[in-house]
Amino acid sequence: NDVPMIQGAHVGVGVRGKEGSAAVQASDMAISQFHFLGNLVFCHGRKAYRRIATFLCFFIYKSVALGWSYVVYAHSMHFNGKGAYPQWLDVIWNPLTSCAVVLILAFDIDYKDKVALARPALYSPGPDRALFNPRTFSYWMFLATFQGILAWSVPVYGLTTRSERWGDLTNGGAFWQASFTAFTINYIIVHLKLFLVSEKPLRGI
């Protein structure tokens, strides 16, 4: 009876015992004692939900924030095919931002395990879907749109003239300097956002 129930659950947890290994083999994860279920759910499960929800929102957020630079620039240039950033900046954006979110969330901690076990109510954001839902996702995308457009428009339209944007884009010219400034502003903004949503970042668990 255990195997069908485990396979039918969203997350199947098997308990190793003397009755056999069928339930353990059919489960998504296994524990050796039923007592460990509290640690699995209230500690590891709660942290995993927080980290995965933040990672998904941030990963799309940082891509949308940078993407608005291309949208705004392409519209202003009548879609002539010119890039908003040098190619080498495009290449390093994802590695830099992805490594940062993995590093920070790996050491992200809001409550110690003893506190989480003593206060089961801290687990409620998971069942309530408080950290990843349409409203939360829409808020992240709104911030990405606002910050992305602002981070591009202010330096580019403030530091260059129309002729510098439409003319021959020579290496090291005013447009590329403004473009690099916009890229740097975007990089700083998305990482500040990451630090704000992380609990005690870069602190060992």
# chains A, B, ... in the order shown; residues from 1 in each chain; ligands from 1
$ residues_around --residues "Ala84 of chain A" --least-positions-apart "4" --cutoff "12 Å" --atoms "only C-alpha atoms" --output "mmCIF file with N, CA, C and O atoms, in the first residue's frame"
data_model
loop_
_atom_site.group_PDB
_atom_site.id
_atom_site.type_symbol
_atom_site.label_atom_id
_atom_site.label_comp_id
_atom_site.auth_asym_id
_atom_site.auth_seq_id
_atom_site.Cartn_x
_atom_site.Cartn_y
_atom_site.Cartn_z
ATOM 1 N N LEU A 66 17.744 43.603 -18.233
ATOM 2 C CA LEU A 66 18.713 43.907 -19.290
ATOM 3 C C LEU A 66 18.039 43.952 -20.654
ATOM 4 O O LEU A 66 18.404 44.758 -21.513
ATOM 5 N N GLY A 67 17.032 43.103 -20.849
ATOM 6 C CA GLY A 67 16.373 43.046 -22.145
ATOM 7 C C GLY A 67 15.676 44.333 -22.539
ATOM 8 O O GLY A 67 15.578 44.647 -23.728
ATOM 9 N N TRP A 68 15.207 45.087 -21.534
ATOM 10 C CA TRP A 68 14.537 46.347 -21.862
ATOM 11 C C TRP A 68 15.492 47.351 -22.507
ATOM 12 O O TRP A 68 15.054 48.237 -23.243
ATOM 13 N N SER A 69 16.777 47.227 -22.262
ATOM 14 C CA SER A 69 17.745 48.097 -22.934
ATOM 15 C C SER A 69 17.676 47.889 -24.442
ATOM 16 O O SER A 69 17.684 48.857 -25.223
ATOM 17 N N TYR A 70 17.602 46.640 -24.868
ATOM 18 C CA TYR A 70 17.517 46.333 -26.291
ATOM 19 C C TYR A 70 16.204 46.817 -26.886
ATOM 20 O O TYR A 70 16.165 47.311 -28.017
ATOM 21 N N VAL A 71 15.124 46.662 -26.125
ATOM 22 C CA VAL A 71 13.804 47.080 -26.622
ATOM 23 C C VAL A 71 13.764 48.594 -26.824
ATOM 24 O O VAL A 71 13.347 49.085 -27.882
ATOM 25 N N VAL A 72 14.207 49.333 -25.818
ATOM 26 C CA VAL A 72 14.176 50.796 -25.900
ATOM 27 C C VAL A 72 15.102 51.292 -27.002
ATOM 28 O O VAL A 72 14.736 52.167 -27.813
ATOM 29 N N TYR A 73 16.304 50.735 -27.065
ATOM 30 C CA TYR A 73 17.277 51.184 -28.068
ATOM 31 C C TYR A 73 16.809 50.829 -29.479
ATOM 32 O O TYR A 73 16.911 51.648 -30.400
ATOM 33 N N ALA A 74 16.279 49.618 -29.667
ATOM 34 C CA ALA A 74 15.809 49.217 -30.994
ATOM 35 C C ALA A 74 14.654 50.099 -31.447
ATOM 36 O O ALA A 74 14.577 50.488 -32.621
ATOM 37 N N HIS A 75 13.764 50.446 -30.522
ATOM 38 C CA HIS A 75 12.641 51.319 -30.885
ATOM 39 C C HIS A 75 13.131 52.704 -31.268
ATOM 40 O O HIS A 75 12.644 53.302 -32.242
ATOM 41 N N SER A 76 14.080 53.248 -30.513
ATOM 42 C CA SER A 76 14.575 54.590 -30.809
ATOM 43 C C SER A 76 15.380 54.634 -32.100
ATOM 44 O O SER A 76 15.475 55.686 -32.739
ATOM 45 N N MET A 77 15.968 53.486 -32.489
ATOM 46 C CA MET A 77 16.776 53.431 -33.721
ATOM 47 C C MET A 77 15.980 52.854 -34.892
ATOM 48 O O MET A 77 16.557 52.502 -35.921
ATOM 49 N N PHE A 79 14.600 50.039 -35.261
ATOM 50 C CA PHE A 79 14.891 48.632 -35.483
ATOM 51 C C PHE A 79 15.871 48.419 -36.633
ATOM 52 O O PHE A 79 15.631 47.616 -37.542
ATOM 53 N N ASN A 80 16.988 49.146 -36.592
ATOM 54 C CA ASN A 80 17.995 49.032 -37.652
ATOM 55 C C ASN A 80 18.994 47.901 -37.411
ATOM 56 O O ASN A 80 19.907 47.696 -38.209
ATOM 57 N N TRP A 88 30.872 41.492 -25.965
ATOM 58 C CA TRP A 88 31.534 40.868 -24.807
ATOM 59 C C TRP A 88 30.767 41.131 -23.513
ATOM 60 O O TRP A 88 30.816 40.322 -22.587
ATOM 61 N N LEU A 89 30.034 42.241 -23.457
ATOM 62 C CA LEU A 89 29.189 42.483 -22.292
ATOM 63 C C LEU A 89 27.998 41.530 -22.276
ATOM 64 O O LEU A 89 27.578 41.051 -21.217
ATOM 65 N N ASP A 90 27.433 41.269 -23.452
ATOM 66 C CA ASP A 90 26.337 40.298 -23.534
ATOM 67 C C ASP A 90 26.775 38.924 -23.039
ATOM 68 O O ASP A 90 26.016 38.211 -22.379
ATOM 69 N N TRP A 152 18.803 52.224 -18.575
ATOM 70 C CA TRP A 152 19.297 52.476 -19.929
ATOM 71 C C TRP A 152 19.082 53.929 -20.349
ATOM 72 O O TRP A 152 19.974 54.568 -20.897
ATOM 73 N N SER A 153 17.919 54.461 -20.096
ATOM 74 C CA SER A 153 17.554 55.770 -20.631
ATOM 75 C C SER A 153 18.374 56.906 -20.027
ATOM 76 O O SER A 153 18.807 57.818 -20.745
ATOM 77 N N VAL A 156 22.251 56.822 -21.316
ATOM 78 C CA VAL A 156 22.389 56.897 -22.771
ATOM 79 C C VAL A 156 21.868 58.221 -23.311
ATOM 80 O O VAL A 156 22.539 58.903 -24.102
ATOM 81 N N ARG A 165 24.361 58.767 -31.271
ATOM 82 C CA ARG A 165 23.636 57.497 -31.252
ATOM 83 C C ARG A 165 23.357 56.986 -32.655
ATOM 84 O O ARG A 165 23.325 55.776 -32.894
ATOM 85 N N LEU A 169 29.289 54.234 -34.915
ATOM 86 C CA LEU A 169 29.582 53.881 -33.523
ATOM 87 C C LEU A 169 31.001 53.342 -33.421
ATOM 88 O O LEU A 169 31.249 52.136 -33.399
ATOM 89 N N PHE A 175 28.793 56.890 -27.283
ATOM 90 C CA PHE A 175 27.677 55.966 -27.128
ATOM 91 C C PHE A 175 28.091 54.721 -26.366
ATOM 92 O O PHE A 175 27.376 54.266 -25.469
ATOM 93 N N TRP A 176 29.247 54.137 -26.716
ATOM 94 C CA TRP A 176 29.678 52.920 -26.029
ATOM 95 C C TRP A 176 30.035 53.197 -24.578
ATOM 96 O O TRP A 176 29.863 52.325 -23.716
ATOM 97 N N GLN A 177 30.524 54.387 -24.292
ATOM 98 C CA GLN A 177 30.784 54.743 -22.892
ATOM 99 C C GLN A 177 29.470 54.819 -22.111
ATOM 100 O O GLN A 177 29.377 54.323 -20.971
ATOM 101 N N ALA A 178 28.451 55.420 -22.716
ATOM 102 C CA ALA A 178 27.147 55.486 -22.069
ATOM 103 C C ALA A 178 26.526 54.091 -21.961
ATOM 104 O O ALA A 178 25.876 53.763 -20.958
ATOM 105 N N SER A 179 26.734 53.255 -22.975
ATOM 106 C CA SER A 179 26.220 51.893 -22.956
ATOM 107 C C SER A 179 26.858 51.090 -21.827
ATOM 108 O O SER A 179 26.180 50.358 -21.101
ATOM 109 N N PHE A 180 28.163 51.237 -21.671
ATOM 110 C CA PHE A 180 28.859 50.536 -20.582
ATOM 111 C C PHE A 180 28.375 51.036 -19.220
ATOM 112 O O PHE A 180 28.223 50.251 -18.278
ATOM 113 N N THR A 181 28.105 52.346 -19.125
ATOM 114 C CA THR A 181 27.573 52.904 -17.880
ATOM 115 C C THR A 181 26.202 52.313 -17.562
ATOM 116 O O THR A 181 25.908 51.958 -16.417
ATOM 117 N N ALA A 182 25.351 52.201 -18.581
ATOM 118 C CA ALA A 182 24.023 51.610 -18.392
ATOM 119 C C ALA A 182 24.130 50.156 -17.959
ATOM 120 O O ALA A 182 23.380 49.696 -17.084
ATOM 121 N N PHE A 183 25.058 49.420 -18.556
ATOM 122 C CA PHE A 183 25.266 48.023 -18.182
ATOM 123 C C PHE A 183 25.702 47.913 -16.717
ATOM 124 O O PHE A 183 25.211 47.060 -15.975
#
$ select_by_dssp --residues "segment 53-166 of chain A" --states "helix (DSSP H, G or I)" --output "MDAnalysis selection string"
chainID A and resid 53:76 87:106 113:118 120:123 134:159 162:166
$ closest_residue --among "A:Gly12, A:Pro95, A:Pro120, A:Pro134" --to "Cys57 of chain A" --atoms "only C-alpha atoms"
A:Pro134
$ residues_around --residues "Lys47 of chain A" --least-positions-apart "3" --cutoff "10 Å" --atoms "only C-alpha atoms" --output "count of residues only"
18
$ residues_around --residues "Ile31 of chain A" --least-positions-apart "6" --cutoff "7 Å" --atoms "only C-alpha atoms" --output "PyMOL selection string"
chain A and resi 14-16
$ residues_around --residues "Leu143 of chain A" --least-positions-apart "2" --cutoff "12 Å" --atoms "only C-alpha atoms" --output "number ranges by chain"
A: 57-58, 60-66, 68, 136-141, 145-151, 186, 189-190, 193
$ write_last_selection --atoms "C-alpha atoms" --output "compact mmCIF listing (two decimals), in the first residue's frame"
# COMPACT_ATOMS: atom_id res chain seq x y z
CA CYS A 57 12.07 35.16 -9.87
CA PHE A 58 15.56 36.65 -9.90
CA ILE A 60 13.84 36.00 -15.08
CA TYR A 61 14.01 39.45 -13.44
CA LYS A 62 17.65 40.08 -14.30
CA SER A 63 17.15 38.93 -17.90
CA VAL A 64 14.09 41.16 -18.37
CA ALA A 65 15.87 44.14 -16.78
CA LEU A 66 18.71 43.91 -19.29
CA TRP A 68 14.54 46.35 -21.86
CA THR A 136 4.78 38.15 -6.64
CA PHE A 137 5.99 37.32 -10.14
CA SER A 138 4.19 40.36 -11.58
CA TYR A 139 5.86 42.55 -8.96
CA TRP A 140 9.31 41.26 -9.95
CA MET A 141 8.54 41.89 -13.63
CA THR A 145 10.68 46.84 -16.49
CA PHE A 146 10.96 50.05 -14.49
CA GLN A 147 14.59 49.57 -13.49
CA GLY A 148 15.66 48.30 -16.90
CA ILE A 149 14.18 51.25 -18.79
CA LEU A 150 15.52 53.77 -16.28
CA ALA A 151 19.00 52.22 -16.14
CA ASN A 186 21.90 47.43 -14.39
CA ILE A 189 20.69 47.34 -9.39
CA VAL A 190 19.95 43.63 -9.89
CA LYS A 193 17.78 43.61 -5.34
$ closest_residue --among "A:Ser198, A:Thr54, A:Thr184, A:Gln7" --to "Ala26 of chain A" --atoms "only C-alpha atoms"
A:Gln7
$ select_by_dssp --residues "segment 20-181 of chain A" --states "strand (DSSP E or B)" --output "PyMOL selection string"
chain A and resi 20+29-31
$ atom_distance --atom1 "atom CA of Met29 of chain A" --atom2 "atom CA of Val13 of chain A"
5.2 Å
$ closest_residue --among "A:Pro4, A:His10, A:Asn39, A:Ala22" --to "Lys112 of chain A" --atoms "only C-alpha atoms"
A:Asn39
$ decode --residues "segment 32-155 of chain A" --atoms "C-alpha atoms" --output "mmCIF file, in the first residue's frame"
data_model
loop_
_atom_site.group_PDB
_atom_site.id
_atom_site.type_symbol
_atom_site.label_atom_id
_atom_site.label_comp_id
_atom_site.auth_asym_id
_atom_site.auth_seq_id
_atom_site.Cartn_x
_atom_site.Cartn_y
_atom_site.Cartn_z
ATOM 1 C CA SER A 32 15.934 6.385 8.218
ATOM 2 C CA GLN A 33 13.657 7.442 11.086
ATOM 3 C CA PHE A 34 10.199 8.966 11.134
ATOM 4 C CA HIS A 35 11.537 11.498 13.626
ATOM 5 C CA PHE A 36 13.642 13.041 10.836
ATOM 6 C CA LEU A 37 10.524 14.132 8.961
ATOM 7 C CA GLY A 38 10.445 17.367 10.960
ATOM 8 C CA ASN A 39 13.951 18.298 9.838
ATOM 9 C CA LEU A 40 13.140 17.361 6.267
ATOM 10 C CA VAL A 41 10.007 19.504 6.074
ATOM 11 C CA PHE A 42 10.547 22.417 8.446
ATOM 12 C CA CYS A 43 14.273 22.929 7.765
ATOM 13 C CA HIS A 44 15.340 21.577 4.379
ATOM 14 C CA GLY A 45 11.953 21.860 2.690
ATOM 15 C CA ARG A 46 11.305 25.410 3.848
ATOM 16 C CA LYS A 47 14.784 26.581 2.825
ATOM 17 C CA ALA A 48 14.512 24.848 -0.533
ATOM 18 C CA TYR A 49 11.203 26.578 -1.285
ATOM 19 C CA ARG A 50 12.623 29.979 -0.355
ATOM 20 C CA ARG A 51 15.729 29.478 -2.468
ATOM 21 C CA ILE A 52 14.005 28.034 -5.523
ATOM 22 C CA ALA A 53 11.284 30.721 -5.507
ATOM 23 C CA THR A 54 13.860 33.501 -5.196
ATOM 24 C CA PHE A 55 16.122 31.945 -7.833
ATOM 25 C CA LEU A 56 13.332 31.617 -10.399
ATOM 26 C CA CYS A 57 12.066 35.162 -9.872
ATOM 27 C CA PHE A 58 15.558 36.653 -9.902
ATOM 28 C CA PHE A 59 16.708 34.696 -12.950
ATOM 29 C CA ILE A 60 13.843 36.004 -15.076
ATOM 30 C CA TYR A 61 14.008 39.449 -13.439
ATOM 31 C CA LYS A 62 17.654 40.078 -14.302
ATOM 32 C CA SER A 63 17.149 38.934 -17.902
ATOM 33 C CA VAL A 64 14.095 41.156 -18.374
ATOM 34 C CA ALA A 65 15.872 44.137 -16.776
ATOM 35 C CA LEU A 66 18.713 43.907 -19.290
ATOM 36 C CA GLY A 67 16.373 43.046 -22.145
ATOM 37 C CA TRP A 68 14.537 46.347 -21.862
ATOM 38 C CA SER A 69 17.745 48.097 -22.934
ATOM 39 C CA TYR A 70 17.517 46.333 -26.291
ATOM 40 C CA VAL A 71 13.804 47.080 -26.622
ATOM 41 C CA VAL A 72 14.176 50.796 -25.900
ATOM 42 C CA TYR A 73 17.277 51.184 -28.068
ATOM 43 C CA ALA A 74 15.809 49.217 -30.994
ATOM 44 C CA HIS A 75 12.641 51.319 -30.885
ATOM 45 C CA SER A 76 14.575 54.590 -30.809
ATOM 46 C CA MET A 77 16.776 53.431 -33.721
ATOM 47 C CA HIS A 78 13.768 52.260 -35.788
ATOM 48 C CA PHE A 79 14.891 48.632 -35.483
ATOM 49 C CA ASN A 80 17.995 49.032 -37.652
ATOM 50 C CA GLY A 81 19.698 46.009 -36.076
ATOM 51 C CA LYS A 82 22.398 47.770 -34.048
ATOM 52 C CA GLY A 83 23.214 46.261 -30.650
ATOM 53 C CA ALA A 84 22.701 48.147 -27.433
ATOM 54 C CA TYR A 85 25.808 46.683 -25.789
ATOM 55 C CA PRO A 86 29.161 45.378 -27.004
ATOM 56 C CA GLN A 87 29.083 41.631 -27.607
ATOM 57 C CA TRP A 88 31.534 40.868 -24.807
ATOM 58 C CA LEU A 89 29.189 42.483 -22.292
ATOM 59 C CA ASP A 90 26.337 40.298 -23.534
ATOM 60 C CA VAL A 91 28.500 37.223 -23.033
ATOM 61 C CA ILE A 92 29.453 37.933 -19.412
ATOM 62 C CA TRP A 93 26.008 39.058 -18.164
ATOM 63 C CA ASN A 94 24.521 35.628 -17.496
ATOM 64 C CA PRO A 95 27.635 34.027 -15.955
ATOM 65 C CA LEU A 96 28.168 36.954 -13.587
ATOM 66 C CA THR A 97 24.585 37.265 -12.425
ATOM 67 C CA SER A 98 23.891 33.514 -12.284
ATOM 68 C CA CYS A 99 26.985 32.802 -10.191
ATOM 69 C CA ALA A 100 26.001 35.576 -7.796
ATOM 70 C CA VAL A 101 22.488 34.247 -7.157
ATOM 71 C CA VAL A 102 23.755 30.690 -6.623
ATOM 72 C CA LEU A 103 26.456 31.864 -4.230
ATOM 73 C CA ILE A 104 24.190 34.122 -2.176
ATOM 74 C CA LEU A 105 21.232 31.742 -1.972
ATOM 75 C CA ALA A 106 23.502 28.846 -1.029
ATOM 76 C CA PHE A 107 24.374 30.739 2.149
ATOM 77 C CA ASP A 108 20.981 32.379 2.611
ATOM 78 C CA ILE A 109 19.440 31.827 6.056
ATOM 79 C CA ASP A 110 16.505 33.466 7.786
ATOM 80 C CA TYR A 111 16.036 31.281 10.868
ATOM 81 C CA LYS A 112 18.240 28.664 12.470
ATOM 82 C CA ASP A 113 17.063 25.065 12.321
ATOM 83 C CA LYS A 114 16.231 24.968 16.042
ATOM 84 C CA VAL A 115 13.949 27.976 15.647
ATOM 85 C CA ALA A 116 12.285 26.526 12.547
ATOM 86 C CA LEU A 117 11.557 23.239 14.345
ATOM 87 C CA ALA A 118 10.156 25.051 17.382
ATOM 88 C CA ARG A 119 7.914 27.293 15.254
ATOM 89 C CA PRO A 120 6.103 25.205 12.591
ATOM 90 C CA ALA A 121 4.198 28.320 11.493
ATOM 91 C CA LEU A 122 7.362 29.434 9.664
ATOM 92 C CA TYR A 123 6.609 26.687 7.127
ATOM 93 C CA SER A 124 3.336 28.367 6.089
ATOM 94 C CA PRO A 125 4.749 30.429 3.153
ATOM 95 C CA GLY A 126 5.259 27.167 1.249
ATOM 96 C CA PRO A 127 1.690 25.812 1.369
ATOM 97 C CA ASP A 128 0.368 29.368 0.964
ATOM 98 C CA ARG A 129 2.610 29.904 -2.089
ATOM 99 C CA ALA A 130 3.570 33.261 -0.644
ATOM 100 C CA LEU A 131 6.965 33.552 -2.371
ATOM 101 C CA PHE A 132 6.044 32.382 -5.863
ATOM 102 C CA ASN A 133 2.617 33.289 -7.204
ATOM 103 C CA PRO A 134 1.216 35.482 -10.001
ATOM 104 C CA ARG A 135 1.180 38.579 -7.805
ATOM 105 C CA THR A 136 4.780 38.147 -6.637
ATOM 106 C CA PHE A 137 5.989 37.322 -10.142
ATOM 107 C CA SER A 138 4.194 40.360 -11.578
ATOM 108 C CA TYR A 139 5.857 42.554 -8.961
ATOM 109 C CA TRP A 140 9.308 41.255 -9.953
ATOM 110 C CA MET A 141 8.536 41.890 -13.632
ATOM 111 C CA PHE A 142 7.269 45.400 -12.890
ATOM 112 C CA LEU A 143 10.519 46.187 -11.096
ATOM 113 C CA ALA A 144 12.530 44.680 -13.954
ATOM 114 C CA THR A 145 10.676 46.837 -16.485
ATOM 115 C CA PHE A 146 10.961 50.052 -14.486
ATOM 116 C CA GLN A 147 14.586 49.566 -13.492
ATOM 117 C CA GLY A 148 15.662 48.300 -16.900
ATOM 118 C CA ILE A 149 14.182 51.249 -18.794
ATOM 119 C CA LEU A 150 15.519 53.766 -16.279
ATOM 120 C CA ALA A 151 19.000 52.218 -16.141
ATOM 121 C CA TRP A 152 19.297 52.476 -19.929
ATOM 122 C CA SER A 153 17.554 55.770 -20.631
ATOM 123 C CA VAL A 154 19.267 58.003 -18.072
ATOM 124 C CA PRO A 155 22.927 57.378 -19.034
#
